[in-house]
Structure formats: structure tokens, C-alpha cells
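Source file: my_file.pdb; contents: PDB, C-alpha atoms.
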ATOM      1  CA  MET X 143     -16.500  -7.569  -9.879
ATOM      2  CA  ALA X 144     -14.192 -10.207  -8.438
ATOM      3  CA  ARG X 145     -11.068  -9.023  -6.707
ATOM      4  CA  PRO X 146      -7.780  -9.600  -8.552
ATOM      5  CA  TYR X 147      -5.717 -12.555  -7.432
ATOM      6  CA  ARG X 148      -2.853 -12.101  -5.004
ATOM      7  CA  ILE X 149       0.053 -14.549  -5.048
ATOM      8  CA  GLN X 150       2.095 -13.932  -1.926
ATOM      9  CA  VAL X 151       5.433 -15.685  -1.952
ATOM     10  CA  GLU X 152       8.688 -15.488  -0.055
ATOM     11  CA  GLY X 153      11.329 -14.020  -2.356
ATOM     12  CA  GLY X 154       8.719 -12.692  -4.799
ATOM     13  CA  PHE X 155       9.381  -9.708  -7.068
ATOM     14  CA  TYR X 156       6.349  -7.425  -7.447
ATOM     15  CA  HIS X 157       5.480  -4.381  -9.460
ATOM     16  CA  ILE X 158       3.063  -2.361  -7.330
ATOM     17  CA  ASN X 159       0.845   0.418  -8.623
ATOM     18  CA  SER X 160      -1.663   2.454  -6.639
ATOM     19  CA  ARG X 161      -3.677   5.425  -7.907
ATOM     20  CA  GLY X 162      -5.527   8.280  -6.287
ATOM     21  CA  ASP X 163      -9.282   7.973  -5.942
ATOM     22  CA  ASP X 164     -10.906   9.258  -9.161
ATOM     23  CA  ARG X 165      -7.326   9.720 -10.400
ATOM     24  CA  LYS X 166      -6.951  12.759  -8.128
ATOM     25  CA  ASP X 167      -3.557  13.894  -6.885
ATOM     26  CA  ILE X 168      -2.135  12.057  -3.898
ATOM     27  CA  TYR X 169       0.899  14.350  -3.559
ATOM     28  CA  LYS X 170       0.346  18.111  -3.411
ATOM     29  CA  SER X 171       3.560  19.339  -1.824
ATOM     30  CA  GLU X 172       7.209  18.357  -1.540
ATOM     31  CA  ARG X 173       6.527  17.295   2.039
ATOM     32  CA  ASP X 174       3.924  14.799   0.787
ATOM     33  CA  TYR X 175       6.492  13.064  -1.419
ATOM     34  CA  GLU X 176       9.026  13.080   1.405
ATOM     35  CA  LYS X 177       6.508  11.703   3.897
ATOM     36  CA  PHE X 178       5.537   8.837   1.591
ATOM     37  CA  LEU X 179       9.200   7.885   1.203
ATOM     38  CA  GLU X 180       9.616   8.034   4.986
ATOM     39  CA  TYR X 181       6.745   5.570   5.371
ATOM     40  CA  LEU X 182       8.290   3.378   2.671
ATOM     41  CA  ALA X 183      11.612   3.327   4.540
ATOM     42  CA  THR X 184       9.817   2.533   7.809
ATOM     43  CA  ALA X 185       7.863  -0.276   6.134
ATOM     44  CA  LYS X 186      11.146  -1.815   4.943
ATOM     45  CA  GLY X 187      12.349  -1.959   8.526
ATOM     46  CA  LYS X 188       9.116  -3.470   9.798
ATOM     47  CA  TYR X 189       8.452  -6.021   7.072
ATOM     48  CA  LYS X 190      11.937  -6.849   5.761
ATOM     49  CA  PHE X 191      11.624  -6.315   2.008
ATOM     50  CA  PHE X 192      13.830  -4.748  -0.663
ATOM     51  CA  VAL X 193      12.954  -1.799  -2.901
ATOM     52  CA  HIS X 194      14.503  -2.232  -6.350
ATOM     53  CA  ALA X 195      12.964   0.847  -7.970
ATOM     54  CA  TYR X 196      10.264   3.430  -7.371
ATOM     55  CA  CYS X 197       8.649   6.451  -8.976
ATOM     56  CA  LEU X 198       6.122   8.747  -7.317
ATOM     57  CA  MET X 199       3.931  10.534  -9.835
ATOM     58  CA  THR X 200       1.345  13.212  -9.068
ATOM     59  CA  ASN X 201      -1.661  10.911  -8.763
ATOM     60  CA  HIS X 202      -0.096   7.453  -8.477
ATOM     61  CA  TYR X 203       3.082   5.604  -7.649
ATOM     62  CA  HIS X 204       5.107   2.653  -8.909
ATOM     63  CA  LEU X 205       7.160   0.323  -6.718
ATOM     64  CA  PHE X 206       9.310  -2.640  -7.686
ATOM     65  CA  ILE X 207       9.903  -4.631  -4.516
ATOM     66  CA  GLU X 208      11.185  -8.015  -3.406
ATOM     67  CA  THR X 209       9.592  -9.707  -0.403
ATOM     68  CA  THR X 210      11.536 -11.896   2.007
ATOM     69  CA  GLN X 211       8.355 -13.177   3.669
ATOM     70  CA  THR X 212       4.800 -13.904   2.507
ATOM     71  CA  ASN X 213       3.610 -10.522   3.706
ATOM     72  CA  LEU X 214       2.840  -8.364   0.653
ATOM     73  CA  SER X 215      -0.652  -7.435   1.903
ATOM     74  CA  ARG X 216       0.704  -6.352   5.281
ATOM     75  CA  ILE X 217       3.333  -4.189   3.599
ATOM     76  CA  MET X 218       0.779  -2.456   1.430
ATOM     77  CA  GLN X 219      -1.764  -2.068   4.205
ATOM     78  CA  TYR X 220       0.816  -0.306   6.349
ATOM     79  CA  LEU X 221       2.088   1.913   3.526
ATOM     80  CA  ASN X 222      -1.231   3.077   2.053
ATOM     81  CA  THR X 223      -2.997   3.366   5.390
ATOM     82  CA  SER X 224      -0.176   5.316   7.048
ATOM     83  CA  TYR X 225       0.051   7.758   4.162
ATOM     84  CA  THR X 226      -3.736   8.176   3.974
ATOM     85  CA  VAL X 227      -3.901   9.021   7.688
ATOM     86  CA  TYR X 228      -1.113  11.589   7.270
ATOM     87  CA  TYR X 229      -2.673  13.117   4.129
ATOM     88  CA  ASN X 230      -6.175  13.381   5.603
ATOM     89  CA  HIS X 231      -4.982  14.760   8.929
ATOM     90  CA  LYS X 232      -2.809  17.399   7.237
ATOM     91  CA  ARG X 233      -5.727  18.644   5.135
ATOM     92  CA  ASN X 234      -8.514  18.158   7.690
ATOM     93  CA  ARG X 235     -10.331  15.784   5.372
ATOM     94  CA  SER X 236     -11.745  12.281   5.564
ATOM     95  CA  GLY X 237     -12.483   9.558   3.072
ATOM     96  CA  HIS X 238     -10.542   7.347   0.707
ATOM     97  CA  LEU X 239      -7.333   8.600  -0.838
ATOM     98  CA  PHE X 240      -6.472   5.621  -3.035
ATOM     99  CA  GLN X 241      -8.678   4.129  -5.737
ATOM    100  CA  GLY X 242      -9.696   0.668  -4.595
ATOM    101  CA  ARG X 243      -7.032  -1.943  -3.940
ATOM    102  CA  TYR X 244      -3.465  -1.579  -5.077
ATOM    103  CA  LYS X 245      -2.480  -3.503  -8.193
ATOM    104  CA  SER X 246       0.313  -6.064  -7.849
ATOM    105  CA  ILE X 247       2.037  -8.068 -10.569
ATOM    106  CA  LEU X 248       4.326 -10.963  -9.698
ATOM    107  CA  VAL X 249       7.406 -10.634 -11.926
ATOM    108  CA  GLU X 250       9.979 -13.142 -13.130
ATOM    109  CA  GLN X 251      12.920 -10.880 -12.355
ATOM    110  CA  ASP X 252      15.550 -12.764 -14.368
ATOM    111  CA  ALA X 253      13.742 -11.938 -17.594
ATOM    112  CA  TYR X 254      12.273  -8.516 -16.838
ATOM    113  CA  TYR X 255      14.376  -6.834 -14.142
ATOM    114  CA  SER X 256      16.284  -4.294 -16.241
ATOM    115  CA  GLU X 257      13.384  -3.621 -18.569
ATOM    116  CA  LEU X 258      10.991  -3.013 -15.686
ATOM    117  CA  THR X 259      13.293  -0.612 -13.824
ATOM    118  CA  ARG X 260      13.723   1.364 -17.053
ATOM    119  CA  TYR X 261       9.982   1.530 -17.584
ATOM    120  CA  ILE X 262       9.446   2.804 -14.030
ATOM    121  CA  HIS X 263      12.177   5.444 -14.261
ATOM    122  CA  LEU X 264      10.879   6.773 -17.590
ATOM    123  CA  ASN X 265       7.402   7.504 -16.211
ATOM    124  CA  PRO X 266       8.012  11.257 -15.748
ATOM    125  CA  VAL X 267       9.392  11.502 -19.298
ATOM    126  CA  ARG X 268       6.397   9.713 -20.801
ATOM    127  CA  ALA X 269       4.126  12.068 -18.835
ATOM    128  CA  LYS X 270       6.120  15.026 -20.253
ATOM    129  CA  ILE X 271       6.913  16.338 -16.772
ATOM    130  CA  VAL X 272      10.657  16.367 -17.540
ATOM    131  CA  LYS X 273      12.793  15.759 -20.606
ATOM    132  CA  LYS X 274      15.311  13.556 -18.818
ATOM    133  CA  PRO X 275      14.556  11.117 -15.971
ATOM    134  CA  SER X 276      17.515  12.530 -14.023
ATOM    135  CA  ASP X 277      15.643  15.844 -13.753
ATOM    136  CA  TYR X 278      12.879  14.192 -11.739
ATOM    137  CA  ARG X 279      13.377  14.166  -7.957
ATOM    138  CA  TRP X 280      10.840  11.587  -6.865
ATOM    139  CA  SER X 281      12.195   8.381  -8.351
ATOM    140  CA  SER X 282      15.114   6.063  -7.683
ATOM    141  CA  TYR X 283      16.786   6.889 -11.003
ATOM    142  CA  ASN X 284      19.419   9.269  -9.626
ATOM    143  CA  ALA X 285      20.315   6.750  -6.937
ATOM    144  CA  TYR X 286      21.087   4.321  -9.774
ATOM    145  CA  LEU X 287      23.267   6.920 -11.506
ATOM    146  CA  LYS X 288      25.154   7.701  -8.292
ATOM    147  CA  ALA X 289      25.345   3.999  -7.366
ATOM    148  CA  LYS X 290      24.289   5.015  -3.882
ATOM    149  CA  SER X 291      21.087   4.379  -1.936
ATOM    150  CA  ASP X 292      18.806   7.328  -1.294
ATOM    151  CA  GLY X 293      17.451   5.732   1.880
ATOM    152  CA  CYS X 294      14.746   3.726   0.117
ATOM    153  CA  VAL X 295      16.135   1.933  -2.922
ATOM    154  CA  ASP X 296      18.486  -1.014  -2.359
ATOM    155  CA  ILE X 297      21.272  -0.309  -4.831
ATOM    156  CA  ASP X 298      23.371  -3.329  -3.885
ATOM    157  CA  GLN X 299      20.444  -5.568  -4.817
ATOM    158  CA  ALA X 300      20.050  -3.740  -8.124
ATOM    159  CA  LYS X 301      23.736  -4.216  -8.954
ATOM    160  CA  GLN X 302      23.336  -7.972  -8.622
ATOM    161  CA  ARG X 303      20.361  -8.203 -10.971
ATOM    162  CA  LEU X 304      20.801  -5.635 -13.718
ATOM    163  CA  THR X 305      21.986  -6.995 -17.044
ATOM    164  CA  MET X 306      24.598  -4.218 -17.281
ATOM    165  CA  ARG X 307      26.931  -2.268 -15.012
ATOM    166  CA  LEU X 308      25.438   0.708 -13.223
ATOM    167  CA  SER X 309      27.880   2.905 -15.144
ATOM    168  CA  ASN X 310      26.047   1.882 -18.333
ATOM    169  CA  TYR X 311      22.548   2.282 -16.910
ATOM    170  CA  ARG X 312      22.048   5.880 -18.104
ATOM    171  CA  SER X 313      22.599   4.928 -21.740
ATOM    172  CA  PHE X 314      20.345   1.890 -21.319
ATOM    173  CA  VAL X 315      17.501   4.105 -20.088
ATOM    174  CA  GLU X 316      17.977   7.366 -21.961
ATOM    175  CA  GLY X 317      19.401   5.892 -25.144
ATOM    176  CA  ALA X 318      16.427   3.623 -25.838
ATOM    177  CA  GLN X 319      14.786   4.691 -29.095
ATOM    178  CA  ASP X 320      11.689   2.592 -28.531
ATOM    179  CA  CYS X 321      11.184   1.482 -24.946
ATOM    180  CA  PRO X 322       8.686  -1.410 -24.934
ATOM    181  CA  ASP X 323       5.881  -1.581 -22.401
ATOM    182  CA  PRO X 324       6.548  -4.785 -20.413
ATOM    183  CA  PHE X 325       3.004  -4.810 -19.064
ATOM    184  CA  LYS X 326       1.574  -5.691 -22.449
ATOM    185  CA  LYS X 327       2.871  -9.197 -21.681
ATOM    186  CA  VAL X 328       1.165  -9.528 -18.292
ATOM    187  CA  TYR X 329      -0.772 -12.783 -17.885
ATOM    188  CA  ALA X 330      -4.286 -12.582 -16.388
ATOM    189  CA  GLY X 331      -3.520  -9.183 -14.891
ATOM    190  CA  PHE X 332      -1.208 -10.429 -12.146
ATOM    191  CA  MET X 333       1.865 -12.260 -13.544
ATOM    192  CA  LEU X 334       4.710 -11.297 -15.864
ATOM    193  CA  GLY X 335       7.154 -13.964 -16.969
ATOM    194  CA  SER X 336       7.835 -17.073 -19.010
ATOM    195  CA  VAL X 337       5.372 -19.906 -19.568
ATOM    196  CA  LYS X 338       7.244 -22.027 -17.017
ATOM    197  CA  PHE X 339       7.138 -19.218 -14.433
ATOM    198  CA  ILE X 340       3.427 -18.658 -14.951
ATOM    199  CA  LYS X 341       2.525 -22.341 -14.791
ATOM    200  CA  GLY X 342       4.513 -22.844 -11.605
ATOM    201  CA  ASN X 343       2.775 -19.969  -9.835
ATOM    202  CA  LEU X 344      -0.654 -20.977 -11.129
ATOM    203  CA  ASN X 345      -0.118 -24.393  -9.569
ATOM    204  CA  GLN X 346       0.725 -22.722  -6.277
ATOM    205  CA  LEU X 347      -2.382 -20.545  -6.504
ATOM    206  CA  GLN X 348      -4.554 -23.582  -7.175
ATOM    207  CA  THR X 349      -3.130 -25.281  -4.091
ATOM    208  CA  GLU X 350      -4.041 -22.246  -1.991
ATOM    209  CA  VAL X 351      -7.548 -22.075  -3.427
ATOM    210  CA  ASN X 352      -8.127 -25.730  -2.625
ATOM    211  CA  SER X 353      -6.877 -25.455   0.951
ATOM    212  CA  LYS X 354      -9.635 -25.452   3.566
ATOM    213  CA  ASP X 355      -8.502 -22.300   5.305
ATOM    214  CA  PHE X 356      -7.775 -20.229   2.179
ATOM    215  CA  ALA X 357     -10.766 -17.937   2.690
ATOM    216  CA  HIS X 358      -9.747 -17.324   6.289
ATOM    217  CA  LYS X 359      -6.166 -16.513   5.301
ATOM    218  CA  ARG X 360      -7.333 -14.142   2.590
ATOM    219  CA  ALA X 361      -9.641 -12.359   5.019
ATOM    220  CA  ILE X 362      -6.762 -11.761   7.411
ATOM    221  CA  LYS X 363      -4.336 -10.571   4.740
ATOM    222  CA  ASN X 364      -6.613  -8.192   2.835
ATOM    223  CA  ALA X 365      -6.271  -4.614   4.003
ATOM    224  CA  ILE X 366      -9.285  -2.736   5.390
ATOM    225  CA  ASP X 367      -9.290   0.983   4.701
ATOM    226  CA  PRO X 368      -9.713   2.875   8.018
ATOM    227  CA  GLU X 369     -12.171   5.273   6.397
ATOM    228  CA  THR X 370     -14.421   2.306   5.589
ATOM    229  CA  ILE X 371     -14.595   1.503   9.304
ATOM    230  CA  ILE X 372     -15.338   5.088  10.338
ATOM    231  CA  ASP X 373     -17.986   5.413   7.609
ATOM    232  CA  ALA X 374     -19.675   2.193   8.802
ATOM    233  CA  VAL X 375     -19.760   3.406  12.416
ATOM    234  CA  ALA X 376     -21.161   6.797  11.378
ATOM    235  CA  ASP X 377     -23.857   5.142   9.239
ATOM    236  CA  TYR X 378     -24.894   2.863  12.095
ATOM    237  CA  TYR X 379     -25.347   5.755  14.526
ATOM    238  CA  LYS X 380     -26.859   8.005  11.828
ATOM    239  CA  ILE X 381     -24.289  10.741  12.368
ATOM    240  CA  ASP X 382     -21.780  12.339  10.028
ATOM    241  CA  VAL X 383     -18.151  11.301   9.954
ATOM    242  CA  GLU X 384     -16.945  14.440  11.741
ATOM    243  CA  GLN X 385     -19.262  13.694  14.682
ATOM    244  CA  ALA X 386     -17.897  10.161  14.826
ATOM    245  CA  ARG X 387     -14.367  11.553  14.974
ATOM    246  CA  TYR X 388     -14.744  14.556  17.252
ATOM    247  CA  GLY X 389     -18.177  14.353  18.897
ATOM    248  CA  ARG X 390     -18.287  15.003  22.653
ATOM    249  CA  LYS X 391     -21.860  14.016  23.575
ATOM    250  CA  ARG X 392     -23.986  11.181  22.169
ATOM    251  CA  PRO X 393     -21.385  10.164  19.543
ATOM    252  CA  LEU X 394     -18.877   9.251  22.275
ATOM    253  CA  THR X 395     -19.889   5.591  21.976
ATOM    254  CA  ALA X 396     -19.473   5.801  18.209
ATOM    255  CA  LYS X 397     -16.025   7.333  18.601
ATOM    256  CA  ALA X 398     -14.920   4.649  21.057
ATOM    257  CA  MET X 399     -16.300   1.930  18.790
ATOM    258  CA  ALA X 400     -14.440   3.322  15.771
ATOM    259  CA  ILE X 401     -11.198   3.416  17.765
ATOM    260  CA  TYR X 402     -11.735  -0.142  18.992
ATOM    261  CA  LEU X 403     -12.383  -1.439  15.463
ATOM    262  CA  LEU X 404      -9.428   0.420  13.986
ATOM    263  CA  ARG X 405      -7.140  -1.206  16.535
ATOM    264  CA  ARG X 406      -8.613  -4.641  15.787
ATOM    265  CA  LYS X 407      -9.012  -4.487  12.011
ATOM    266  CA  THR X 408      -6.105  -2.374  10.693
ATOM    267  CA  GLY X 409      -2.379  -2.071  11.166
ATOM    268  CA  LEU X 410      -2.625   1.471  12.551
ATOM    269  CA  THR X 411      -0.674   2.393  15.656
ATOM    270  CA  ASN X 412      -2.226   4.260  18.600
ATOM    271  CA  PHE X 413      -0.370   7.369  17.464
ATOM    272  CA  GLN X 414      -1.837   7.154  13.941
ATOM    273  CA  ILE X 415      -5.354   6.582  15.290
ATOM    274  CA  GLY X 416      -4.864   9.512  17.642
ATOM    275  CA  GLU X 417      -4.016  11.744  14.681
ATOM    276  CA  MET X 418      -7.314  10.771  13.055
ATOM    277  CA  PHE X 419      -9.365  11.622  16.154
ATOM    278  CA  GLY X 420      -7.404  14.524  17.601
ATOM    279  CA  MET X 421      -6.314  12.468  20.624
ATOM    280  CA  LYS X 422      -3.099  11.516  22.383
ATOM    281  CA  HIS X 423      -1.949   7.943  21.770
ATOM    282  CA  SER X 424      -2.312   7.103  25.476
ATOM    283  CA  THR X 425      -5.943   8.234  25.378
ATOM    284  CA  VAL X 426      -6.560   6.012  22.360
ATOM    285  CA  SER X 427      -5.390   2.975  24.300
ATOM    286  CA  MET X 428      -7.578   3.851  27.300
ATOM    287  CA  ALA X 429     -10.637   4.405  25.092
ATOM    288  CA  ALA X 430     -10.191   1.028  23.381
ATOM    289  CA  LEU X 431      -9.731  -0.843  26.664
ATOM    290  CA  GLY X 432     -12.775   0.855  28.159
ATOM    291  CA  PHE X 433     -14.856  -0.091  25.138
ATOM    292  CA  GLU X 434     -13.750  -3.726  25.381
ATOM    293  CA  LYS X 435     -15.236  -3.820  28.889
ATOM    294  CA  LYS X 436     -18.504  -2.370  27.575
ATOM    295  CA  ILE X 437     -18.717  -5.115  24.952
ATOM    296  CA  VAL X 438     -18.562  -7.746  27.681
ATOM    297  CA  GLN X 439     -21.063  -5.938  29.903
ATOM    298  CA  ASP X 440     -23.621  -4.755  27.323
ATOM    299  CA  LYS X 441     -25.116  -7.194  24.796
ATOM    300  CA  ARG X 442     -26.503  -4.311  22.717
ATOM    301  CA  ILE X 443     -23.028  -2.897  22.168
ATOM    302  CA  LYS X 444     -21.705  -6.356  21.302
ATOM    303  CA  ALA X 445     -24.507  -6.716  18.734
ATOM    304  CA  ALA X 446     -23.722  -3.274  17.307
ATOM    305  CA  VAL X 447     -20.037  -4.204  16.890
ATOM    306  CA  ASP X 448     -20.997  -7.400  15.073
ATOM    307  CA  GLN X 449     -23.447  -5.593  12.802
ATOM    308  CA  ILE X 450     -21.006  -2.810  11.908
ATOM    309  CA  SER X 451     -18.169  -5.288  11.314
ATOM    310  CA  TRP X 452     -20.327  -7.126   8.780
ATOM    311  CA  ASN X 453     -20.021  -4.084   6.460
ATOM    312  CA  PHE X 454     -16.313  -4.553   5.913
ATOM    313  CA  GLU X 455     -15.634  -8.239   6.483
ATOM    314  CA  VAL X 456     -13.910  -9.813   3.474
TER
END
Write-out of the structure in C-alpha cells:
Amino acid sequence: MARPYRIQVEGGFYHINSRGDDRKDIYKSERDYEKFLEYLATAKGKYKFFVHAYCLMTNHYHLFIETTQTNLSRIMQYLNTSYTVYYNHKRNRSGHLFQGRYKSILVEQDAYYSELTRYIHLNPVRAKIVKKPSDYRWSSYNAYLKAKSDGCVDIDQAKQRLTMRLSNYRSFVEGAQDCPDPFKKVYAGFMLGSVKFIKGNLNQLQTEVNSKDFAHKRAIKNAIDPETIIDAVADYYKIDVEQARYGRKRPLTAKAMAIYLLRRKTGLTNFQIGEMFGMKHSTVSMAALGFEKKIVQDKRIKAAVDQISWNFEV
């Protein structure tokens, strides 16, 4: 199946949705919700985007964000990868946490801003978790009611774009007798807006597709799940994933190779990689540098790196 299109624009408004693998829970404790929001706040600082609304459900989440750069893939790689590393390390597990790639829809905010924030905030009510959206802790709804940021949502940005005053927002959300699903109007699975909006962005997409280096740009921007890299290394050396992570004898080369590839192919920090392998961040750096020397000195290791990398190249 072909991957869904990604239109990455400066000043783009996106609805983001990401689900747990096999629809399994991705949050199992209050600390999990808090940690995800901490990563979201950190991502805002790193990648300079605005959060207009969010809702974290048990097995998925919704974000409504505005980019200030053409860096949507980098934002999502950091967010999902960081949370996956935390979640797996906390529960001594490995493997994918999220189901495939995140889903992103480019939104014409002038036409759909208020409607989309309402839809996001009513998720817990539709799921019958609470009767009122204000009773749900893990969304930006109460920040809207208080007209004050909760550390993640950018209330001042919301004030500028809502079609009503924040003081009237509760009645807009909770007083709706029949709240329409805005996603029934999504075009081709990745755009929501007027005909003019859609045509303009399709023209931009066509320009990107026709550019000579489009494939190269897409390869750089698409996120690589760290578990995919570790799985590929373990398969190559015919060992299990735990040996690749924590082995102390023959799998040492596999462990060093996995660390090297994670540093090269993902946005993980040395600290995050260290959490995955039970190592200090300084040791991670030393292991990667030592492996780089081996690649230069040993053609067999260089060939192994190339062969393993082929498994997850875009």
C-alpha cells in the first residue's frame, strides 16, 4: 500500500492522529499522560510550532498544531519516538508502540478552526468516558475555559482564530445538539478545506513530486522507528532483540551497530538511546565513535551496515 501524502508547509495547520499498535493502549497511568505532554512541550521548544488543541485518549491522541517551518515530520518523529522509548523502557518491553505512521490532515483553519477544536474536545464524551468534556483531564478543553495555557496549548493563538469569544466557548461545545464530523469532508485523506485551498495545495504537491530531489527529501523527512533498526540488527546477527540490547559477549558488535544506526537514522539523543540499552549517555557516544572507526577499518562491518540499512531505507 502506498504511503499517504505529506504536504509540509510553513504556517500549515494540521490535525494529527496516532493510534496504538493493534489499537492497544498507549497510556496506562497518569504518569504516561503527563510524560507525553512533557515531550509535546519540549517539542514545541525545539521545533517552534503552536498547539491549538489536543486530546489524549487511552489508545490514541489528537493534536491540532500550526507549524512555523516545514518540519512536520521532524516534530512527529521526535514526539512519537521519545514517548515510545520512555514507554518501552518503563515497562521493560521492546517493539512498536504506534500503529504505522501518524495520520496528518492539512486544514484550512479559517473555515474549520472552531469546528475542529470542538470535535477534538468532545472525543471523551463520544467515547462515553465522561459526560462533560470539562471532566476529562487529558485535553486542552479546560485551558480554553480558563483562558489560560496549561503549558502545552497556545491559548493566545486560539483567541485570535476562534469564531467566538472564549467566554462563549463552553456553550459552543457543550450546547451543540448535533456536532458534525468535519473529517467526512476530508479530500483524498490528507486535506480539509475549500476547493480553492485544495487546488492550491495540490499544485504545490505536484511541484514537489516533479522536483528532481523529491525522493531524497522525502527519505530524509520520513521518521524511522528505532525498534525497526534494532529488529534489523538482531535479524542480521541471528540473535533476539534482548541480546542486541544487553548482550555482553558476541552481540557486542550488534549492540554497537544498533547504537551507531540509531544516532545516524533517528532523532534520538544519547540519553534516550542510553535508556534503551541500559547505558550512560557518555558511554553511548563512545560506543558510536568506536564503531565508526571499525567501519573504516573493516570492510565486512561496512558491508553489514549497508545491508542492515537497506531494510529500513525509505
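Minimum distance to Asn345 of chain X across X:Ile149, X:Thr212, X:Asp320, X:His194 (counting all atoms listed in the file) occurs at X:Ile149.
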Pick the closest to Glu180 of chain X from X:Asp277, X:Asp167, X:Asp292, X:Asp373: which is it, counting all atoms listed in the file?
-> X:Asp292
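Counting from atom CA of Ala445 of chain X, the distance to atom CA of Ala400 of chain X is 14.5 Å.
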Evaluate the PyMOL selection byres ((chain X and resi 377) around 12) here and jot the selected residues down as an MDAnalysis selection string.
-> chainID X and resid 370:376 378:386 393 396 400 446 449:450 453
Shell around Phe413 of chain X at 9 Å using all atoms listed in the file, local window under 5 positions removed, as JSON, numbers by chain = {"X": [418, 421, 422, 423, 424, 426]}
Pull the neighbourhood of (27.6, 1.1, -5.8) for me: all residues within 9 Å in file coordinates, counting all atoms listed in the file, as a PyMOL selection string.
-> chain X and resi 286+288-291+297-298+301+308
Generate a file of the selected residues that holds C-alpha atoms, formatted as a PDB file, keeping the file's coordinate frame.
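Here's the written file out_1.pdb:
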ATOM      1  CA  TYR X 286      21.087   4.321  -9.774  1.00  0.00           C
ATOM      2  CA  LYS X 288      25.154   7.701  -8.292  1.00  0.00           C
ATOM      3  CA  ALA X 289      25.345   3.999  -7.366  1.00  0.00           C
ATOM      4  CA  LYS X 290      24.289   5.015  -3.882  1.00  0.00           C
ATOM      5  CA  SER X 291      21.087   4.379  -1.936  1.00  0.00           C
ATOM      6  CA  ILE X 297      21.272  -0.309  -4.831  1.00  0.00           C
ATOM      7  CA  ASP X 298      23.371  -3.329  -3.885  1.00  0.00           C
ATOM      8  CA  LYS X 301      23.736  -4.216  -8.954  1.00  0.00           C
ATOM      9  CA  LEU X 308      25.438   0.708 -13.223  1.00  0.00           C
TER      10      LEU X 308
END
With N, CA and C atoms as the target, complete segment 329-345 of chain X and hand it back as a PDB file, keeping the file's coordinate frame.
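File written: selection.pdb
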ATOM      1  N   TYR X 329       0.197 -11.682 -17.783  1.00  0.00           N
ATOM      2  CA  TYR X 329      -0.772 -12.783 -17.885  1.00  0.00           C
ATOM      3  C   TYR X 329      -1.854 -12.618 -16.824  1.00  0.00           C
ATOM      4  N   ALA X 330      -3.109 -12.603 -17.261  1.00  0.00           N
ATOM      5  CA  ALA X 330      -4.286 -12.582 -16.388  1.00  0.00           C
ATOM      6  C   ALA X 330      -4.279 -11.410 -15.403  1.00  0.00           C
ATOM      7  N   GLY X 331      -3.508 -10.381 -15.713  1.00  0.00           N
ATOM      8  CA  GLY X 331      -3.520  -9.183 -14.891  1.00  0.00           C
ATOM      9  C   GLY X 331      -2.653  -9.232 -13.650  1.00  0.00           C
ATOM     10  N   PHE X 332      -1.951 -10.366 -13.398  1.00  0.00           N
ATOM     11  CA  PHE X 332      -1.208 -10.429 -12.146  1.00  0.00           C
ATOM     12  C   PHE X 332       0.110 -11.201 -12.229  1.00  0.00           C
ATOM     13  N   MET X 333       0.570 -11.585 -13.429  1.00  0.00           N
ATOM     14  CA  MET X 333       1.865 -12.260 -13.544  1.00  0.00           C
ATOM     15  C   MET X 333       2.572 -11.838 -14.826  1.00  0.00           C
ATOM     16  N   LEU X 334       3.890 -11.665 -14.723  1.00  0.00           N
ATOM     17  CA  LEU X 334       4.710 -11.297 -15.864  1.00  0.00           C
ATOM     18  C   LEU X 334       5.937 -12.201 -15.879  1.00  0.00           C
ATOM     19  N   GLY X 335       6.019 -13.054 -16.908  1.00  0.00           N
ATOM     20  CA  GLY X 335       7.154 -13.964 -16.969  1.00  0.00           C
ATOM     21  C   GLY X 335       6.984 -15.010 -18.050  1.00  0.00           C
ATOM     22  N   SER X 336       7.857 -15.996 -18.022  1.00  0.00           N
ATOM     23  CA  SER X 336       7.835 -17.073 -19.010  1.00  0.00           C
ATOM     24  C   SER X 336       6.671 -18.028 -18.740  1.00  0.00           C
ATOM     25  N   VAL X 337       6.436 -18.906 -19.716  1.00  0.00           N
ATOM     26  CA  VAL X 337       5.372 -19.906 -19.568  1.00  0.00           C
ATOM     27  C   VAL X 337       5.640 -20.778 -18.342  1.00  0.00           C
ATOM     28  N   LYS X 338       6.879 -21.179 -18.157  1.00  0.00           N
ATOM     29  CA  LYS X 338       7.244 -22.027 -17.017  1.00  0.00           C
ATOM     30  C   LYS X 338       6.981 -21.299 -15.693  1.00  0.00           C
ATOM     31  N   PHE X 339       7.353 -20.035 -15.632  1.00  0.00           N
ATOM     32  CA  PHE X 339       7.138 -19.218 -14.433  1.00  0.00           C
ATOM     33  C   PHE X 339       5.646 -19.102 -14.119  1.00  0.00           C
ATOM     34  N   ILE X 340       4.865 -18.828 -15.143  1.00  0.00           N
ATOM     35  CA  ILE X 340       3.427 -18.658 -14.951  1.00  0.00           C
ATOM     36  C   ILE X 340       2.772 -19.959 -14.505  1.00  0.00           C
ATOM     37  N   LYS X 341       3.119 -21.054 -15.159  1.00  0.00           N
ATOM     38  CA  LYS X 341       2.525 -22.341 -14.791  1.00  0.00           C
ATOM     39  C   LYS X 341       2.855 -22.719 -13.355  1.00  0.00           C
ATOM     40  N   GLY X 342       4.106 -22.504 -12.965  1.00  0.00           N
ATOM     41  CA  GLY X 342       4.513 -22.844 -11.605  1.00  0.00           C
ATOM     42  C   GLY X 342       3.732 -22.070 -10.563  1.00  0.00           C
ATOM     43  N   ASN X 343       3.504 -20.787 -10.800  1.00  0.00           N
ATOM     44  CA  ASN X 343       2.775 -19.969  -9.835  1.00  0.00           C
ATOM     45  C   ASN X 343       1.270 -20.230  -9.881  1.00  0.00           C
ATOM     46  N   LEU X 344       0.760 -20.602 -11.053  1.00  0.00           N
ATOM     47  CA  LEU X 344      -0.654 -20.977 -11.129  1.00  0.00           C
ATOM     48  C   LEU X 344      -0.912 -22.248 -10.329  1.00  0.00           C
ATOM     49  N   ASN X 345       0.025 -23.171 -10.364  1.00  0.00           N
ATOM     50  CA  ASN X 345      -0.118 -24.393  -9.569  1.00  0.00           C
ATOM     51  C   ASN X 345      -0.137 -24.068  -8.080  1.00  0.00           C
TER      52      ASN X 345
END
